[in-house]
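Only one structure is covered here, and it is reproduced in the block below.
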Amino acid sequence: MADSTIPDTMKAIVVKETGGLEAMTLDPSYPVPKVGDNQVLIKNEFAGLNFIDTYYRSGLYKQACPFVSGQEGGGTVVALGSKASEESDLQIGDKVVYVALVGSYCEYSAVPASKVVKVPESIGMEKALACMVQGLTAHYLVTDAHASLIQKDQWCLIYSVGSGTCQWAAQMAKIQGYKVIGTTSKSKASVVPKGACDELIVLDPAEGKSHADYNAIDIPKKVMEITNGDGVKCIVDGVGQSTYDISIKCLARRGVWISFGNASGPVPPIPISRFTPKSAFCTRPKLGDYIVTREELEMRAKDIFDWVSSGKLDVKVDTVFSVEQARDAHEYLESGKSKGKVLLRI
């Protein structure tokens with residue numbers, strides 16, 4: 001079943017060889033993808049930008065070239081695969097958002113029906129799209145990735161709470177009942193959501209870098225002062241290279257370090273013996289393993305949409321670029337200037 005107005009070609013941002021910003025080119029006549037049996041075809045209104053898009057573009061994360069950038073989008077269902085109804089209750093004309101490694105910086109995306117959720121009327125397309133990769137990632141980080149090694153009223157440390165995924169994670173950690181120590185750069189301190197942190201460590205910017213200077217303050221010393229020498233039971237770390245050593249030093253006995261990002265560069269190899277003094281844990285999770293089934297995706301999305309609708313979760317859309325400005329959008333994201341979600345208007 002399909003809308004009769006679907007064209008044969010579309011505009012798309014394509015990476016033919018990995019590299020810098022110049023690796024992304026606008027192809028005005030890229031083939032519209034064919035819909036698989038278990039897929040739906042979505043006419044995109046927006047695509048969401050995430051740091052992982054820059055990792056695929058640069059080649060840090062591997063993906064066969066050429067490929068269309070992006071893994072998060074939102075728009076209207078215009079075609080259904082023959083078995084899509086077995087995966088969902090989606091219909092042509094539904095307003096939806098999705099997360100899947102299918103390419104979203106383009107006019108049309110063929111997406112597994114199991115990775116698509118309907119947009120609640122109470123939220124709208126832009127906010128609903130902002131809830132996907134960053135919101136879903138924050139959700140699994142504070143609800144499941146720690147494997148219950150942190151309990152209500154115990155301390156966690158979350159870096160970079162002034163933007164991106166951890167702006168969400170800090171708020172969700174408070175919803176779960178954890179006590180939160182957050183870090184942020186001075187330039188983003190004013191946009192840290194109200195009530196998201198019990199303690200906020202404000203850092204100077206790192207000279208010539210897009211992230212804060214994590215050596216500007218003795219963070220382990222500060223954390224130990226706040227926690228009466230115990231350390232934190234959980235660390236949510238999307239920074240990477242600049243914070244891994246700090247994270248290990250801040251852990252409480254049987255605490256867990258969740259390393260999920262590389263904003264300052266990849267984490268180098270670490271001797272496992274570093275975790276012995278506190279019998280501590282480390283995990284390197286990814287979103288795909290926490291939305292394996294449609295039921296799990298819908299459970300997480302429903303929580304997030306409900307929190308946004310009720311005012312428990314503050315969602316900020318920072319900037320909307322046109323798809324033709326994809327290079328500018330990546331440059332903006334990598335500069336560290338964003339204070340909320342960055343979108344492309346298709």
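Naming works like this for the structure tokens: A, B, ... for the chains as they're shown, residue 1 at the start of each chain, ligands 1 onward in shown order.
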Checklist entry - Which residues in range 199-229 of chain A does DSSP call alpha helix (DSSP H)? List them as a list in words. => result Ile219, Pro220, Lys221, Lys222, Val223, Met224, Glu225 and Ile226 of chain A
Hey, could you make a per-residue contact list for range 95-191 of chain A against range 43-60 of chain A with 6 Å as the cut-off, showing the nearest pair of atoms and its distance in Å to one decimal, counting only C-alpha atoms, sorted by chain and number, as a Markdown table?
```
| residue | atom | partner | partner_atom | distance |
| --- | --- | --- | --- | --- |
| A:Ser104 | CA | A:Ala47 | CA | 5.6 |
| A:Tyr105 | CA | A:Ala47 | CA | 5.8 |
| A:Glu107 | CA | A:Asn44 | CA | 5.2 |
| A:Tyr108 | CA | A:Lys43 | CA | 4.6 |
```
Please produce an output containing N, CA and C atoms for each residue in the selection, written as a PDB file, in the first residue's frame.
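Output saved as again.pdb:
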```pdb
ATOM      1  N   SER A 104      18.702   9.384   7.353  1.00  0.00           N
ATOM      2  CA  SER A 104      17.554  10.271   7.592  1.00  0.00           C
ATOM      3  C   SER A 104      17.751  11.682   7.046  1.00  0.00           C
ATOM      4  N   TYR A 105      18.979  12.013   6.580  1.00  0.00           N
ATOM      5  CA  TYR A 105      19.194  13.333   5.994  1.00  0.00           C
ATOM      6  C   TYR A 105      18.724  13.284   4.537  1.00  0.00           C
ATOM      7  N   GLU A 107      14.810  13.019   1.855  1.00  0.00           N
ATOM      8  CA  GLU A 107      13.368  13.248   1.788  1.00  0.00           C
ATOM      9  C   GLU A 107      12.547  12.019   2.162  1.00  0.00           C
ATOM     10  N   TYR A 108      13.068  10.824   1.876  1.00  0.00           N
ATOM     11  CA  TYR A 108      12.327   9.604   2.171  1.00  0.00           C
ATOM     12  C   TYR A 108      13.259   8.574   2.815  1.00  0.00           C
TER      13      TYR A 108
END
```
Item to check | Top pick for closest residue to Lys118 in chain A, considering A:Asn215, A:Ser88, A:Gln241, A:Asn228 and counting only C-alpha atoms | outcome: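 Among A:Asn215, A:Ser88, A:Gln241, A:Asn228, it is A:Ser88 that comes nearest to Lys118 in chain A.
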Checklist entry - Counting only C-alpha atoms, which of A:Cys250, A:Thr184, A:Gln171, A:Asn262 gets nearest to Cys197 in chain A? => result A:Gln171
Next on the checklist: Would you pick out the contacts of Ala263 in chain A at 7 Å or less, using only C-alpha atoms, so that residues sharing its chain but fewer than 2 positions from it are not included, and give the list as a ChimeraX atom specification?
Outcome noted: /A:238-240,261,265
Selection above as a file: C-alpha atoms, as a PDB file, in the first residue's frame:
```
ATOM      1  CA  GLY A 238      29.682  10.737  27.244  1.00  0.00           C
ATOM      2  CA  VAL A 239      32.928  12.741  27.210  1.00  0.00           C
ATOM      3  CA  GLY A 240      35.462   9.930  26.862  1.00  0.00           C
ATOM      4  CA  GLY A 261      30.414   8.621  24.113  1.00  0.00           C
ATOM      5  CA  GLY A 265      37.996  11.606  21.807  1.00  0.00           C
TER       6      GLY A 265
END
```
Item to check | Neighbour list for Val78 in chain A as a list in words, cut-off 12 Å, only C-alpha atoms, skip fewer than 3 positions in-chain | outcome: Met1, Ala2, Asp3, Ser4, Thr5, Ile6, Pro7, Lys34, Val35, Gln39, Val40, Leu41, Ile42, Lys43, Asn44, Gly75, Gly81, Leu90, Gln91, Ile92, Gly93, Asp94, Lys95, Val96, Glu107, Tyr108, Ser109, Ala110 and Val111 of chain A
Item to check | Members of range 183-214 of chain A assigned strand (DSSP E) by DSSP, as a PyMOL selection string | outcome: chain A and resi 183-185+199-203
Checklist entry - In terms of the shortest atom-to-atom distance over only C-alpha atoms, which of A:Asp303, A:Glu298, A:Asp218, A:Glu199 is closest to Ala113 in chain A? => result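 Ranking A:Asp303, A:Glu298, A:Asp218, A:Glu199 by distance to Ala113 in chain A, first place goes to A:Glu298.
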Checklist entry - Neighbours of range 284-292 of chain A within 7 Å (only C-alpha atoms; same-chain residues fewer than 5 positions away dropped), as a list in words? => result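 So, after excluding close chain neighbours, the residues are Thr137, Tyr140, Ile258, Ser259, Phe260 and Leu297 of chain A.
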Next on the checklist: Quick check, in Å to one decimal: how far apart do CA of Gly19 in chain A and CA of Val102 in chain A lie?
Outcome noted: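 Computed distance, CA of Gly19 in chain A to CA of Val102 in chain A, equals 19.6 Å.
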Next on the checklist: Just the number, please: distance in Å from CA of Asp198 in chain A to CA of Gln176 in chain A, one decimal.
Outcome noted: 13.6 Å
